[in-house]
>>> print(open('my_file-v2.cif').read())   # mmCIF, C-alpha atoms and all ligand atoms
data_my_file
loop_
_atom_site.label_atom_id
_atom_site.label_comp_id
_atom_site.auth_asym_id
_atom_site.auth_seq_id
_atom_site.Cartn_x
_atom_site.Cartn_y
_atom_site.Cartn_z
CA MET A 553 26.31 30.81 -51.57
CA ARG A 554 29.49 28.90 -52.42
CA THR A 555 32.63 29.02 -50.31
CA VAL A 556 36.18 29.91 -51.24
CA HIS A 557 38.56 28.26 -48.83
CA VAL A 558 41.70 30.12 -47.82
CA LEU A 559 44.31 27.85 -46.26
CA GLN A 560 47.59 29.03 -44.81
CA GLY A 561 50.46 27.06 -43.37
CA PRO A 562 53.19 27.47 -40.76
CA ASN A 563 54.05 30.86 -39.33
CA LEU A 564 51.57 32.80 -41.43
CA ASN A 565 49.61 33.54 -38.25
CA LEU A 566 52.58 35.77 -37.36
CA LEU A 567 52.02 38.08 -40.32
CA GLY A 568 52.55 41.69 -39.33
CA THR A 569 55.20 40.92 -36.73
CA ARG A 570 57.17 38.22 -38.58
CA GLU A 571 60.18 39.72 -40.41
CA PRO A 572 58.21 42.82 -41.49
CA GLY A 573 61.04 43.81 -43.82
CA VAL A 574 60.32 40.63 -45.79
CA TYR A 575 56.61 39.98 -45.25
CA GLY A 576 55.29 43.51 -44.65
CA THR A 577 53.30 44.98 -41.77
CA GLU A 578 49.83 43.82 -42.72
CA THR A 579 48.58 41.33 -40.15
CA TYR A 580 47.02 37.91 -40.58
CA ALA A 581 43.68 39.50 -39.64
CA ASP A 582 44.16 42.15 -42.35
CA ALA A 583 44.82 39.42 -44.93
CA ILE A 584 41.69 37.52 -43.93
CA ALA A 585 39.57 40.68 -44.03
CA GLN A 586 40.89 41.28 -47.55
CA CYS A 587 39.92 37.72 -48.57
CA GLU A 588 36.45 38.16 -47.07
CA ARG A 589 35.92 41.37 -49.01
CA ALA A 590 37.17 39.78 -52.24
CA ALA A 591 34.94 36.76 -51.66
CA ALA A 592 31.87 38.92 -51.06
CA ALA A 593 32.62 41.00 -54.16
CA ASN A 594 32.59 37.75 -56.15
CA GLY A 595 29.43 36.32 -54.59
CA LEU A 596 31.31 33.89 -52.35
CA VAL A 597 31.90 33.44 -48.64
CA ALA A 598 35.46 32.94 -47.36
CA ASP A 599 36.37 30.10 -45.00
CA ALA A 600 39.86 31.01 -43.79
CA ARG A 601 42.06 28.70 -41.75
CA GLN A 602 45.71 28.61 -40.70
CA SER A 603 47.73 25.83 -39.13
CA ASN A 604 51.33 25.20 -38.21
CA HIS A 605 50.76 21.46 -38.77
CA GLU A 606 51.08 19.68 -42.11
CA GLY A 607 48.40 17.10 -41.30
CA ASP A 608 45.79 19.80 -40.68
CA LEU A 609 46.40 21.15 -44.17
CA VAL A 610 46.12 17.64 -45.65
CA ASP A 611 42.82 17.07 -43.78
CA TRP A 612 41.47 20.45 -44.88
CA LEU A 613 42.43 19.89 -48.53
CA GLN A 614 40.59 16.57 -48.49
CA GLU A 615 37.58 18.33 -46.96
CA VAL A 616 37.71 21.05 -49.63
CA GLY A 617 37.84 18.34 -52.31
CA ARG A 618 34.58 16.90 -50.95
CA GLU A 619 33.02 20.38 -50.80
CA VAL A 620 34.04 21.12 -54.38
CA ALA A 621 32.62 17.76 -55.53
CA ALA A 622 29.35 18.64 -53.79
CA GLY A 623 29.26 22.03 -55.54
CA ARG A 624 29.63 23.98 -52.31
CA SER A 625 33.20 25.27 -52.72
CA VAL A 626 35.09 26.78 -55.65
CA GLY A 627 38.42 25.52 -54.30
CA ALA A 628 41.26 26.78 -52.16
CA VAL A 629 43.61 29.69 -52.07
CA LEU A 630 46.66 28.03 -50.54
CA ASN A 631 49.80 29.51 -49.03
CA PRO A 632 51.54 26.46 -47.56
CA GLY A 633 54.41 28.58 -46.15
CA ALA A 634 57.63 26.60 -45.78
CA LEU A 635 55.73 23.35 -46.47
CA THR A 636 55.63 24.50 -50.10
CA HIS A 637 59.24 23.44 -50.40
CA THR A 638 59.02 20.13 -48.54
CA SER A 639 55.58 18.57 -48.56
CA VAL A 640 54.78 15.71 -50.90
CA ALA A 641 51.77 15.04 -48.65
CA ILE A 642 50.19 18.41 -49.45
CA ARG A 643 50.83 17.95 -53.15
CA ASP A 644 49.27 14.47 -53.04
CA ALA A 645 46.23 15.81 -51.14
CA ILE A 646 45.62 18.41 -53.84
CA SER A 647 45.84 15.92 -56.68
CA GLY A 648 44.18 13.08 -54.76
CA ALA A 649 41.19 15.15 -53.68
CA GLN A 650 41.09 17.05 -57.01
CA VAL A 651 41.11 20.46 -55.38
CA PRO A 652 41.29 23.53 -57.62
CA VAL A 653 44.12 25.41 -55.89
CA VAL A 654 45.61 28.80 -56.49
CA GLU A 655 48.98 28.83 -54.74
CA VAL A 656 49.93 32.17 -53.22
CA HIS A 657 53.20 33.47 -51.84
CA LEU A 658 53.47 36.91 -50.33
CA THR A 659 57.10 37.21 -51.34
CA ASN A 660 58.75 36.53 -54.67
CA VAL A 661 60.20 33.18 -53.70
CA HIS A 662 62.34 33.12 -56.85
CA ALA A 663 64.18 36.22 -55.69
CA ARG A 664 65.02 34.56 -52.35
CA GLU A 665 67.16 31.63 -51.19
CA ASP A 666 67.59 28.69 -53.57
CA PHE A 667 65.65 26.32 -51.30
CA ARG A 668 62.55 28.48 -51.85
CA HIS A 669 62.71 28.09 -55.63
CA LEU A 670 61.24 24.60 -55.61
CA SER A 671 57.51 24.22 -54.98
CA TYR A 672 56.00 20.76 -54.64
CA VAL A 673 52.60 22.41 -55.00
CA SER A 674 52.95 24.41 -58.23
CA PRO A 675 52.75 21.40 -60.60
CA VAL A 676 49.30 20.50 -59.21
CA ALA A 677 48.03 24.08 -58.75
CA ARG A 678 45.57 25.65 -61.16
CA GLY A 679 47.61 28.85 -60.92
CA VAL A 680 50.25 30.60 -58.88
CA VAL A 681 50.46 34.19 -57.58
CA ILE A 682 53.77 35.25 -56.07
CA GLY A 683 55.41 38.39 -54.79
CA LEU A 684 52.40 40.70 -54.51
CA GLY A 685 51.91 40.63 -50.75
CA THR A 686 48.41 40.16 -49.40
CA PHE A 687 46.98 41.51 -52.66
CA GLY A 688 47.86 38.07 -54.02
CA TYR A 689 45.15 36.49 -51.86
CA GLU A 690 42.59 38.86 -53.35
CA LEU A 691 43.66 38.00 -56.89
CA ALA A 692 43.56 34.28 -56.08
CA VAL A 693 40.01 34.52 -54.69
CA GLN A 694 38.97 36.37 -57.84
CA ALA A 695 40.65 33.76 -60.04
CA LEU A 696 38.91 30.82 -58.33
CA ALA A 697 35.56 32.61 -58.59
CA SER A 698 36.10 33.20 -62.27
CA LEU A 699 37.33 29.65 -62.98
CA ALA A 700 34.32 28.22 -61.15
CA THR A 701 31.83 30.07 -63.31
CA THR A 702 33.29 28.43 -66.38
CA THR A 703 33.77 24.97 -64.88
CA GLN A 704 31.05 24.45 -62.25
CA GLU A 705 27.33 24.95 -61.83
CA GLU A 706 25.68 26.37 -58.72
CA PRO A 707 24.12 23.57 -56.61
CA ARG A 708 20.32 23.34 -56.85
C1 LIG A 801 55.95 32.15 -48.13
C2 LIG A 801 57.33 31.82 -48.71
C3 LIG A 801 57.93 30.60 -48.02
O1 LIG A 801 59.21 30.32 -48.54
C4 LIG A 801 58.06 30.86 -46.53
O2 LIG A 801 58.56 29.72 -45.87
C5 LIG A 801 56.78 31.32 -45.91
C6 LIG A 801 55.99 32.31 -46.63
C7 LIG A 801 55.39 33.46 -48.71
O3 LIG A 801 54.20 33.69 -48.56
O4 LIG A 801 56.15 34.26 -49.28
O5 LIG A 801 56.45 30.96 -44.79
O6 LIG A 801 55.05 31.11 -48.48
#
>>> encode(input="my_file-v2.cif", output="structure tokens", more="lines below")
Ligand code: DQA
Amino acid sequence: MRTVHVLQGPNLNLLGTREPGVYGTETYADAIAQCERAAAANGLVADARQSNHEGDLVDWLQEVGREVAAGRSVGAVLNPGALTHTSVAIRDAISGAQVPVVEVHLTNVHAREDFRHLSYVSPVARGVVIGLGTFGYELAVQALASLATTTQEEPR
């Protein structure tokens, strides 16, 4: 069974308690459970990881690139958190490792502060889901599953 990777960046481990008026009351564990259910419904298994460190995300994206090339992963759902707006390294990892990425933001970043309007990731993402809360992760898992059936074969 192929994997869908779910990678989240800084502070997303605090979901549920972090500014609930902005990010809602669903916890990080709730979000992962939702991804696991969506993965299973699409014949995939979810590999969910979170880190507060940019380099971890770069390492993981490179790893996902190798897994995709080997036919074992359909790509990554990626919420880079604040690194979205700062990280050339994450953008370069996505393009360098040729990772199919669906970028997700819980909040509508375009309705927030100006510094959140720029994403270094969006130009190299396969698609972007913003503003739909944790439901966005579910949609992103579904999208990667669907894209993979048209672009990749199951490994023998
Ligand atoms: C976020 C939006 C970012 O601007 C912010 O820094 C986050 C979360 C979101 O999911 O809405 O940490 O990526």
>>> residues_around(input="my_file-v2.cif", residues="Ala600 in chain A", least_positions_apart="5", cutoff="8 Å", atoms="all atoms listed in the file", output="NGL selection string")
:A and (557-559 or 584)
>>> atom_distance(input="my_file-v2.cif", atom1="CA of Leu696 in chain A", atom2="CA of Thr569 in chain A")
28.9 Å
>>> closest_atom_pairs(input="my_file-v2.cif", of="chain A", to="ligand LIG 801 (chain A)", cutoff="6 Å", atoms="all atoms listed in the file", output="Markdown table")
| residue | atom | partner | partner_atom | distance |
| --- | --- | --- | --- | --- |
| A:Asn563 | CA | A:LIG801 | O5 | 6.0 |
| A:Asn631 | CA | A:LIG801 | O6 | 5.5 |
| A:Pro632 | CA | A:LIG801 | O6 | 5.9 |
| A:Gly633 | CA | A:LIG801 | O5 | 3.4 |
| A:Ala634 | CA | A:LIG801 | O2 | 3.3 |
| A:His657 | CA | A:LIG801 | O3 | 3.4 |
| A:Leu658 | CA | A:LIG801 | O3 | 3.7 |
| A:Thr659 | CA | A:LIG801 | O4 | 3.7 |
| A:Val661 | CA | A:LIG801 | C2 | 5.9 |
| A:Arg668 | CA | A:LIG801 | O1 | 5.0 |
>>> write_last_selection(input="my_file-v2.cif", atoms="C-alpha atoms", output="PDB file, keeping the file's coordinate frame")
ATOM      1  CA  ASN A 563      54.050  30.860 -39.330  1.00  0.00           C
ATOM      2  CA  ASN A 631      49.800  29.510 -49.030  1.00  0.00           C
ATOM      3  CA  PRO A 632      51.540  26.460 -47.560  1.00  0.00           C
ATOM      4  CA  GLY A 633      54.410  28.580 -46.150  1.00  0.00           C
ATOM      5  CA  ALA A 634      57.630  26.600 -45.780  1.00  0.00           C
ATOM      6  CA  HIS A 657      53.200  33.470 -51.840  1.00  0.00           C
ATOM      7  CA  LEU A 658      53.470  36.910 -50.330  1.00  0.00           C
ATOM      8  CA  THR A 659      57.100  37.210 -51.340  1.00  0.00           C
ATOM      9  CA  VAL A 661      60.200  33.180 -53.700  1.00  0.00           C
ATOM     10  CA  ARG A 668      62.550  28.480 -51.850  1.00  0.00           C
TER      11      ARG A 668
END
>>> atom_distance(input="my_file-v2.cif", atom1="CA of Gly568 in chain A", atom2="CA of Gly685 in chain A")
11.5 Å
>>> residues_around(input="my_file-v2.cif", residues="His669 in chain A", least_positions_apart="6", cutoff="10 Å", atoms="all atoms listed in the file", output="number ranges by chain")
A: 636-637, 660-663
>>> write_last_selection(input="my_file-v2.cif", atoms="C-alpha atoms", output="short mmCIF file (atom, residue, chain, number, x, y, z; two decimals), in the coordinates of the input")
data_model
loop_
_atom_site.label_atom_id
_atom_site.label_comp_id
_atom_site.auth_asym_id
_atom_site.auth_seq_id
_atom_site.Cartn_x
_atom_site.Cartn_y
_atom_site.Cartn_z
CA THR A 636 55.63 24.50 -50.10
CA HIS A 637 59.24 23.44 -50.40
CA ASN A 660 58.75 36.53 -54.67
CA VAL A 661 60.20 33.18 -53.70
CA HIS A 662 62.34 33.12 -56.85
CA ALA A 663 64.18 36.22 -55.69
#
>>> residues_around(input="my_file-v2.cif", residues="Pro562 in chain A", least_positions_apart="5", cutoff="12 Å", atoms="all atoms listed in the file", output="PyMOL selection string")
chain A and resi 567+570+601-609+630-636
>>> write_last_selection(input="my_file-v2.cif", atoms="C-alpha atoms", output="short mmCIF file (atom, residue, chain, number, x, y, z; two decimals), keeping the file's coordinate frame")
data_model
loop_
_atom_site.label_atom_id
_atom_site.label_comp_id
_atom_site.auth_asym_id
_atom_site.auth_seq_id
_atom_site.Cartn_x
_atom_site.Cartn_y
_atom_site.Cartn_z
CA LEU A 567 52.02 38.08 -40.32
CA ARG A 570 57.17 38.22 -38.58
CA ARG A 601 42.06 28.70 -41.75
CA GLN A 602 45.71 28.61 -40.70
CA SER A 603 47.73 25.83 -39.13
CA ASN A 604 51.33 25.20 -38.21
CA HIS A 605 50.76 21.46 -38.77
CA GLU A 606 51.08 19.68 -42.11
CA GLY A 607 48.40 17.10 -41.30
CA ASP A 608 45.79 19.80 -40.68
CA LEU A 609 46.40 21.15 -44.17
CA LEU A 630 46.66 28.03 -50.54
CA ASN A 631 49.80 29.51 -49.03
CA PRO A 632 51.54 26.46 -47.56
CA GLY A 633 54.41 28.58 -46.15
CA ALA A 634 57.63 26.60 -45.78
CA LEU A 635 55.73 23.35 -46.47
CA THR A 636 55.63 24.50 -50.10
#
>>> atom_distance(input="my_file-v2.cif", atom1="CA of Ala645 in chain A", atom2="CA of Val610 in chain A")
5.8 Å
>>> closest_residue(input="my_file-v2.cif", among="A:Pro572, A:Gly688, A:Gly627, A:Gly617", to="Gly648 in chain A", atoms="all atoms listed in the file")
A:Gly617
>>> residues_around(input="my_file-v2.cif", residues="Leu613 in chain A", least_positions_apart="5", cutoff="8 Å", atoms="only C-alpha atoms", output="PDB file with C-alpha atoms, in the frame of the given file")
ATOM      1  CA  ALA A 628      41.260  26.780 -52.160  1.00  0.00           C
ATOM      2  CA  ILE A 642      50.190  18.410 -49.450  1.00  0.00           C
ATOM      3  CA  ALA A 645      46.230  15.810 -51.140  1.00  0.00           C
ATOM      4  CA  ILE A 646      45.620  18.410 -53.840  1.00  0.00           C
ATOM      5  CA  ALA A 649      41.190  15.150 -53.680  1.00  0.00           C
ATOM      6  CA  VAL A 651      41.110  20.460 -55.380  1.00  0.00           C
TER       7      VAL A 651
END
>>> residues_around(input="my_file-v2.cif", residues="Glu619 in chain A", least_positions_apart="3", cutoff="12 Å", atoms="all atoms listed in the file", output="PyMOL selection string")
chain A and resi 554-557+599+612-616+622-628+649-652+707
>>> build_atoms(input="my_file-v2.cif", residues="range 575-592 of chain A", atoms="N, CA, C and O atoms", output="PDB file, in the frame of the given file")
ATOM      1  N   TYR A 575      58.020  40.331 -45.055  1.00  0.00           N
ATOM      2  CA  TYR A 575      56.610  39.980 -45.250  1.00  0.00           C
ATOM      3  C   TYR A 575      55.630  41.150 -45.107  1.00  0.00           C
ATOM      4  O   TYR A 575      54.435  40.980 -45.313  1.00  0.00           O
ATOM      5  N   GLY A 576      56.153  42.341 -44.754  1.00  0.00           N
ATOM      6  CA  GLY A 576      55.290  43.510 -44.650  1.00  0.00           C
ATOM      7  C   GLY A 576      54.656  43.638 -43.266  1.00  0.00           C
ATOM      8  O   GLY A 576      54.879  42.804 -42.383  1.00  0.00           O
ATOM      9  N   THR A 577      53.866  44.671 -43.097  1.00  0.00           N
ATOM     10  CA  THR A 577      53.300  44.980 -41.770  1.00  0.00           C
ATOM     11  C   THR A 577      51.819  44.638 -41.681  1.00  0.00           C
ATOM     12  O   THR A 577      51.221  44.762 -40.618  1.00  0.00           O
ATOM     13  N   GLU A 578      51.231  44.235 -42.789  1.00  0.00           N
ATOM     14  CA  GLU A 578      49.830  43.820 -42.720  1.00  0.00           C
ATOM     15  C   GLU A 578      49.729  42.536 -41.889  1.00  0.00           C
ATOM     16  O   GLU A 578      50.566  41.638 -42.042  1.00  0.00           O
ATOM     17  N   THR A 579      48.711  42.473 -41.052  1.00  0.00           N
ATOM     18  CA  THR A 579      48.580  41.330 -40.150  1.00  0.00           C
ATOM     19  C   THR A 579      47.809  40.191 -40.817  1.00  0.00           C
ATOM     20  O   THR A 579      47.179  40.373 -41.862  1.00  0.00           O
ATOM     21  N   TYR A 580      47.825  39.051 -40.122  1.00  0.00           N
ATOM     22  CA  TYR A 580      47.020  37.910 -40.580  1.00  0.00           C
ATOM     23  C   TYR A 580      45.547  38.324 -40.666  1.00  0.00           C
ATOM     24  O   TYR A 580      44.872  38.023 -41.648  1.00  0.00           O
ATOM     25  N   ALA A 581      45.090  39.061 -39.649  1.00  0.00           N
ATOM     26  CA  ALA A 581      43.680  39.500 -39.640  1.00  0.00           C
ATOM     27  C   ALA A 581      43.389  40.413 -40.832  1.00  0.00           C
ATOM     28  O   ALA A 581      42.315  40.312 -41.444  1.00  0.00           O
ATOM     29  N   ASP A 582      44.340  41.274 -41.170  1.00  0.00           N
ATOM     30  CA  ASP A 582      44.160  42.150 -42.350  1.00  0.00           C
ATOM     31  C   ASP A 582      44.002  41.302 -43.618  1.00  0.00           C
ATOM     32  O   ASP A 582      43.149  41.581 -44.468  1.00  0.00           O
ATOM     33  N   ALA A 583      44.853  40.275 -43.728  1.00  0.00           N
ATOM     34  CA  ALA A 583      44.820  39.420 -44.930  1.00  0.00           C
ATOM     35  C   ALA A 583      43.479  38.706 -45.038  1.00  0.00           C
ATOM     36  O   ALA A 583      42.903  38.609 -46.129  1.00  0.00           O
ATOM     37  N   ILE A 584      42.979  38.225 -43.905  1.00  0.00           N
ATOM     38  CA  ILE A 584      41.690  37.520 -43.930  1.00  0.00           C
ATOM     39  C   ILE A 584      40.557  38.484 -44.289  1.00  0.00           C
ATOM     40  O   ILE A 584      39.665  38.148 -45.076  1.00  0.00           O
ATOM     41  N   ALA A 585      40.616  39.676 -43.721  1.00  0.00           N
ATOM     42  CA  ALA A 585      39.570  40.680 -44.030  1.00  0.00           C
ATOM     43  C   ALA A 585      39.572  40.971 -45.536  1.00  0.00           C
ATOM     44  O   ALA A 585      38.504  41.100 -46.159  1.00  0.00           O
ATOM     45  N   GLN A 586      40.759  41.039 -46.105  1.00  0.00           N
ATOM     46  CA  GLN A 586      40.890  41.280 -47.550  1.00  0.00           C
ATOM     47  C   GLN A 586      40.264  40.126 -48.352  1.00  0.00           C
ATOM     48  O   GLN A 586      39.559  40.354 -49.337  1.00  0.00           O
ATOM     49  N   CYS A 587      40.506  38.895 -47.902  1.00  0.00           N
ATOM     50  CA  CYS A 587      39.920  37.720 -48.570  1.00  0.00           C
ATOM     51  C   CYS A 587      38.402  37.747 -48.450  1.00  0.00           C
ATOM     52  O   CYS A 587      37.688  37.422 -49.404  1.00  0.00           O
ATOM     53  N   GLU A 588      37.911  38.127 -47.281  1.00  0.00           N
ATOM     54  CA  GLU A 588      36.450  38.160 -47.070  1.00  0.00           C
ATOM     55  C   GLU A 588      35.805  39.186 -47.989  1.00  0.00           C
ATOM     56  O   GLU A 588      34.757  38.926 -48.582  1.00  0.00           O
ATOM     57  N   ARG A 589      36.461  40.331 -48.114  1.00  0.00           N
ATOM     58  CA  ARG A 589      35.920  41.370 -49.010  1.00  0.00           C
ATOM     59  C   ARG A 589      35.944  40.887 -50.457  1.00  0.00           C
ATOM     60  O   ARG A 589      34.973  41.066 -51.197  1.00  0.00           O
ATOM     61  N   ALA A 590      37.054  40.277 -50.857  1.00  0.00           N
ATOM     62  CA  ALA A 590      37.170  39.780 -52.240  1.00  0.00           C
ATOM     63  C   ALA A 590      36.138  38.689 -52.496  1.00  0.00           C
ATOM     64  O   ALA A 590      35.526  38.635 -53.568  1.00  0.00           O
ATOM     65  N   ALA A 591      35.929  37.828 -51.508  1.00  0.00           N
ATOM     66  CA  ALA A 591      34.940  36.760 -51.660  1.00  0.00           C
ATOM     67  C   ALA A 591      33.556  37.371 -51.853  1.00  0.00           C
ATOM     68  O   ALA A 591      32.832  37.019 -52.802  1.00  0.00           O
ATOM     69  N   ALA A 592      33.206  38.297 -50.987  1.00  0.00           N
ATOM     70  CA  ALA A 592      31.870  38.920 -51.060  1.00  0.00           C
ATOM     71  C   ALA A 592      31.673  39.618 -52.407  1.00  0.00           C
ATOM     72  O   ALA A 592      30.613  39.519 -53.023  1.00  0.00           O
TER      73      ALA A 592
END
